[in-house]
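The block underneath contains the structure these notes are about, expressed in structure tokens.
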Amino acid sequence: MKTKNTSNPGPLSPSLFTSFLAIAAACLSVGSAWTADAQSNLFASINGNAFAGGGSIFEYTSPYTPATRSVFFTPLYQPRGMVFDSSSNLFVATNIPDDFGNEQPTIFKIAPDGTPIPFPTNPALPANFFIAGMATDGAGNIFVMAQSLFDPINNPNVPSTIYKVTPDGAVSPFGFDTSCSCSVPGQSISIAIDGAGNLFASDLVDLIIYKFTPAGVRSIFVCGDTTVCGSAAFPFTSTQFPFGLAFDGSGNLFVSTAGNAGNDTILKFTPDGTGSTVATGLSNPKGLAFDTVGNLFVAEIPFKATGDILEFTPGGTKTVVDSGLGRAAGNGGAEFLAFPPEPVTPVTPVGSNVMVNIGTIGSATDIRLTYSGVTVAGTTTVTPIDPTSQGTLPTGFDATNALAFDITTTATYTTPIIIAFQVPPPFDVTTLHIFHNEGGTLVDVTVLFGPFAPNPIGQTIYASVSSLSPFVIAKETLKGQVQQPINPDGSSVFSVKRGVVPVTFTLTSNGVATCQLPPATISLIRTAGAAPGPIDESTYLLASDKGSNFRVSNCQYVYNLASNSLGVGTYRVNISIGGSVVGSGTFALK
């Protein structure tokens, strides 16, 4: 077995992470709208300094030169693979380091006009996996290659797993082999899908190109190491580690190989696996992409020189598209390339089409806003306003560091409008609430559950409203924690014949337990079973607990919930203070 260390970074120290955040928070998102006139634009993911931030997506218009380069989107955390869907939305594999040195892999979605669109995955991609190559099939599913980073020093060549992400964000392993708990036995960076829907993945440890059927059945397409496979129709040299993959219009697979210190290659394999060398003399080539007329573009990212992007005509003529990308050391240049689909429909701002920087809340800057429900495009204006002008926040929210703004638009939209607010790490979006001024009263419109629940991976919170007007974002200071007999993980099951489910919450203020308990109310929602939805309080009343108010006993909120009238199902019980949900618990009745 060969040993190969890739450019994927290991865990970051807390001090490096702090520096990374400082740079990311100082940057604003940049968007440059592109339409059918720009259907041949080339997009490149620029790593920036993996330990200090600055990842971006560059866009090149034809003819591809430094003069036609612009920043399509920034900042991004360690961007790698990119892929477009049929609607020309760009998906980017990003890797967000947290302050414990772990990577939080995230798929970032960007609309054609440069607007970030929330794309929560369910479940979230596994923590401390580094994601790189991406591809999409004809059904709009996205595939992403992930490598575990739990032991990057002692075992840098850990097996890799491919994850399939449906258009609605559902995540599942693809081509998973239980014998290795992986999809690819060795370290893998890049994937590509052919016209028949077969997925190909490079294994740079064993020098193998694997082929997966659309059903996920794995086989060896090309084995470049005779010591691993016994024979090799096209043997790789000991320094030819396969990285980037791309198909041309005739179904030939092109592979970039690296590891030969300035004499790396581009290989070509016909559909039957016959191989040949089409280019030599490259320096650590990685991402590959073809344009519509068959020109091959290659991203080089040397470790001891700045990176570049090369172009090869079908006849083999090489030109330099751009150079001097990134740093002279490390992994800071262009690594993956992509072209939008053909043809491209002219962009019409419908749906989540507005992105604006709306200011600062506490220590978090560069807060982004998008909203959906737009049917006819218009001009949207966001104006910062004084939070105190909108009335008094409910008990349990930080009024000192609140942010307020007024949203107006000339666009036509349908209701309800889902508004997404995106803030940078390390701000905890689960502590933020969004209030809407409705008739002079601040109403909590935060979506806390379901598909638009706060998304810590995407750093996004959502609100559901029927109109646009003043909004206030504030951090909660009070938090309720459900207590036994209801388990915090939602695993508790009670009998409907029991008669009573004791509901108990404790309270923290700014993270510290407190016995100063303001009035609180209870609400109940059936999430599974007959007729899911809110339960009227009269259904669960008991003589000792009338109405919807919690009792206070021994520094706890207590409510004896009548269960015999509820019926079999799964329920979520909420505790609210000042009209805002500050805690919840889940249980089942059988």
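Simple scheme: letters A, B, ... for chains in structure tokens order, numbers from 1 for residues in each chain, numbers from 1 for ligands in the order shown.
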
Non-local contacts of Ala132 (chain A) (7 Å; only C-alpha atoms; under 2 positions in same chain excluded) as a ChimeraX atom specification: /A:80-81,93,130,134,144-146,189-190

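Shortest separation to Gly585 (chain A) among A:Ser219, A:Ser523, A:Thr274, A:Ser256 occurs at residue A:Ser523, atoms counted being only C-alpha atoms.
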
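Counting only C-alpha atoms and comparing A:Ala334, A:Ile407, A:Ile117, A:Val472, the residue that lies closest to Gln422 (chain A) is A:Ile117.
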
Backbone DSSP call of alpha helix (DSSP H) for region 167-321 of chain A, listed as a ChimeraX atom specification: /A:226-229

Interatomic distance (Å, one decimal) between CA of Ile46 (chain A) and CA of Pro454 (chain A): 28.5 Å

Close residues, Thr400 (chain A) itself excluded, 10 Å, only C-alpha atoms, min 2 positions apart in chain, as a count of residues only: 10

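Picture a line from CA of Asn263 (chain A) to CA of Ala246 (chain A); it runs 20.2 Å.
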
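Atom pair CA of Ile522 (chain A) / CA of Ala562 (chain A): separated by 12.6 Å.
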
Closest atom pairs, residues of region 77-166 of chain A within 10 Å of region 198-206 of chain A, only C-alpha atoms, as a tab-separated table:
residue	atom	partner	partner_atom	distance
A:Gly133	CA	A:Ala201	CA	9.1
A:Ala135	CA	A:Leu199	CA	8.4
A:Thr136	CA	A:Leu199	CA	9.3
A:Asp137	CA	A:Asn198	CA	8.7
A:Phe143	CA	A:Leu199	CA	9.0
A:Met145	CA	A:Ala201	CA	8.6
A:Asn157	CA	A:Val205	CA	7.0
A:Val158	CA	A:Val205	CA	9.5
A:Pro159	CA	A:Asp203	CA	9.2
A:Ser160	CA	A:Asp203	CA	8.9
A:Ile162	CA	A:Ala201	CA	9.0

Output the selection as a short mmCIF file (atom, residue, chain, number, x, y, z; two decimals), in the first residue's frame - N, CA and C atoms for each residue.
data_model
loop_
_atom_site.label_atom_id
_atom_site.label_comp_id
_atom_site.auth_asym_id
_atom_site.auth_seq_id
_atom_site.Cartn_x
_atom_site.Cartn_y
_atom_site.Cartn_z
N GLY A 133 -14.58 16.36 -3.63
CA GLY A 133 -15.18 16.26 -4.94
C GLY A 133 -16.69 16.17 -4.92
N ALA A 135 -20.37 15.77 -7.64
CA ALA A 135 -20.93 15.47 -8.96
C ALA A 135 -22.44 15.41 -8.82
N THR A 136 -23.16 15.49 -9.95
CA THR A 136 -24.61 15.41 -9.92
C THR A 136 -25.09 14.49 -11.03
N ASP A 137 -26.22 13.80 -10.79
CA ASP A 137 -26.77 12.92 -11.81
C ASP A 137 -27.97 13.56 -12.49
N PHE A 143 -23.69 14.18 -5.30
CA PHE A 143 -22.80 13.22 -4.66
C PHE A 143 -21.56 13.97 -4.20
N MET A 145 -17.71 13.48 -2.00
CA MET A 145 -16.73 12.58 -1.42
C MET A 145 -16.28 13.13 -0.07
N ASN A 157 -4.41 8.14 5.37
CA ASN A 157 -5.02 7.50 4.21
C ASN A 157 -6.25 6.69 4.60
N VAL A 158 -7.05 7.25 5.49
CA VAL A 158 -8.25 6.55 5.93
C VAL A 158 -9.21 6.38 4.76
N PRO A 159 -10.05 5.34 4.80
CA PRO A 159 -11.02 5.14 3.72
C PRO A 159 -11.96 6.34 3.58
N SER A 160 -12.60 6.42 2.43
CA SER A 160 -13.45 7.55 2.10
C SER A 160 -14.87 7.08 1.84
N ILE A 162 -18.69 8.11 0.05
CA ILE A 162 -19.48 8.96 -0.85
C ILE A 162 -20.86 9.13 -0.24
#

Give me, as a PDB file with C-alpha atoms, in the first residue's frame, all polymer residues having an atom no more than 12 Å from Asn554 (chain A), counting only C-alpha atoms and skipping those fewer than 6 positions away in the same chain.
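As written to disk, part_9.pdb reads:
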ATOM      1  CA  THR A 504     -40.855  19.604  34.479  1.00  0.00           C
ATOM      2  CA  PHE A 505     -38.448  22.274  33.232  1.00  0.00           C
ATOM      3  CA  THR A 506     -35.522  24.019  34.871  1.00  0.00           C
ATOM      4  CA  LEU A 507     -34.326  27.442  33.701  1.00  0.00           C
ATOM      5  CA  THR A 514     -31.545  30.314  38.137  1.00  0.00           C
ATOM      6  CA  CYS A 515     -34.477  30.142  40.548  1.00  0.00           C
ATOM      7  CA  GLN A 516     -35.830  33.490  39.363  1.00  0.00           C
ATOM      8  CA  LEU A 517     -38.662  31.975  37.358  1.00  0.00           C
TER       9      LEU A 517
END

Surrounding residues of region 565-576 of chain A excluding itself and chain neighbours under 6 positions, 9 Å, only C-alpha atoms, as a PyMOL selection string: chain A and resi 480+490+493+495-496+499+503+505+519-530+532+535+539-540+550+557+582-590

Store the residues picked out above in a file with C-alpha atoms, as a PDB file, in the first residue's frame.
ATOM      1  CA  GLY A 480     -35.672  25.901  29.595  1.00  0.00           C
ATOM      2  CA  GLY A 490     -37.048  12.284  23.219  1.00  0.00           C
ATOM      3  CA  VAL A 493     -42.696   6.488  26.188  1.00  0.00           C
ATOM      4  CA  SER A 495     -49.007   4.787  28.634  1.00  0.00           C
ATOM      5  CA  VAL A 496     -52.166   6.674  27.743  1.00  0.00           C
ATOM      6  CA  GLY A 499     -53.470   9.454  33.241  1.00  0.00           C
ATOM      7  CA  VAL A 503     -43.742  17.867  32.735  1.00  0.00           C
ATOM      8  CA  PHE A 505     -38.448  22.274  33.232  1.00  0.00           C
ATOM      9  CA  PRO A 519     -44.437  33.260  34.464  1.00  0.00           C
ATOM     10  CA  ALA A 520     -44.387  30.552  31.785  1.00  0.00           C
ATOM     11  CA  THR A 521     -47.019  28.800  29.695  1.00  0.00           C
ATOM     12  CA  ILE A 522     -47.275  25.323  28.238  1.00  0.00           C
ATOM     13  CA  SER A 523     -48.325  24.246  24.739  1.00  0.00           C
ATOM     14  CA  LEU A 524     -48.565  20.814  23.185  1.00  0.00           C
ATOM     15  CA  ILE A 525     -48.179  19.679  19.567  1.00  0.00           C
ATOM     16  CA  ARG A 526     -48.878  16.203  18.201  1.00  0.00           C
ATOM     17  CA  THR A 527     -46.043  15.450  15.771  1.00  0.00           C
ATOM     18  CA  ALA A 528     -47.028  11.876  14.842  1.00  0.00           C
ATOM     19  CA  GLY A 529     -50.212   9.866  15.110  1.00  0.00           C
ATOM     20  CA  ALA A 530     -53.780  10.877  14.346  1.00  0.00           C
ATOM     21  CA  PRO A 532     -50.788  16.031  13.916  1.00  0.00           C
ATOM     22  CA  ILE A 535     -53.512  20.428  20.902  1.00  0.00           C
ATOM     23  CA  THR A 539     -57.804  18.509  26.073  1.00  0.00           C
ATOM     24  CA  TYR A 540     -55.094  18.045  28.692  1.00  0.00           C
ATOM     25  CA  PHE A 550     -46.852  26.232  34.683  1.00  0.00           C
ATOM     26  CA  TYR A 557     -41.615  24.668  36.335  1.00  0.00           C
ATOM     27  CA  VAL A 582     -37.554  28.812  25.369  1.00  0.00           C
ATOM     28  CA  GLY A 583     -37.496  25.027  25.682  1.00  0.00           C
ATOM     29  CA  SER A 584     -39.194  21.823  24.578  1.00  0.00           C
ATOM     30  CA  GLY A 585     -39.346  18.107  25.177  1.00  0.00           C
ATOM     31  CA  THR A 586     -40.621  15.147  23.167  1.00  0.00           C
ATOM     32  CA  PHE A 587     -42.364  12.001  24.371  1.00  0.00           C
ATOM     33  CA  ALA A 588     -44.599   9.254  23.026  1.00  0.00           C
ATOM     34  CA  LEU A 589     -47.864   7.763  24.262  1.00  0.00           C
ATOM     35  CA  LYS A 590     -48.738   4.139  23.615  1.00  0.00           C
TER      36      LYS A 590
END

Expected answer as a list in words: strand (DSSP E or B) residues in region 169-216 of chain A: Ala170, Val171, Ser172, Pro173, Phe174, Asp177, Cys182, Val184, Ile191, Ala192, Ile193, Leu199, Phe200, Ala201, Ser202, Asp203, Ile208, Ile209, Tyr210, Lys211 and Phe212 of chain A

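Nearest-residue note for Ile142 (chain A): choosing from A:Leu90, A:Leu468, A:Ile110, A:Val222, the minimum distance belongs to A:Leu90, counting only C-alpha atoms.
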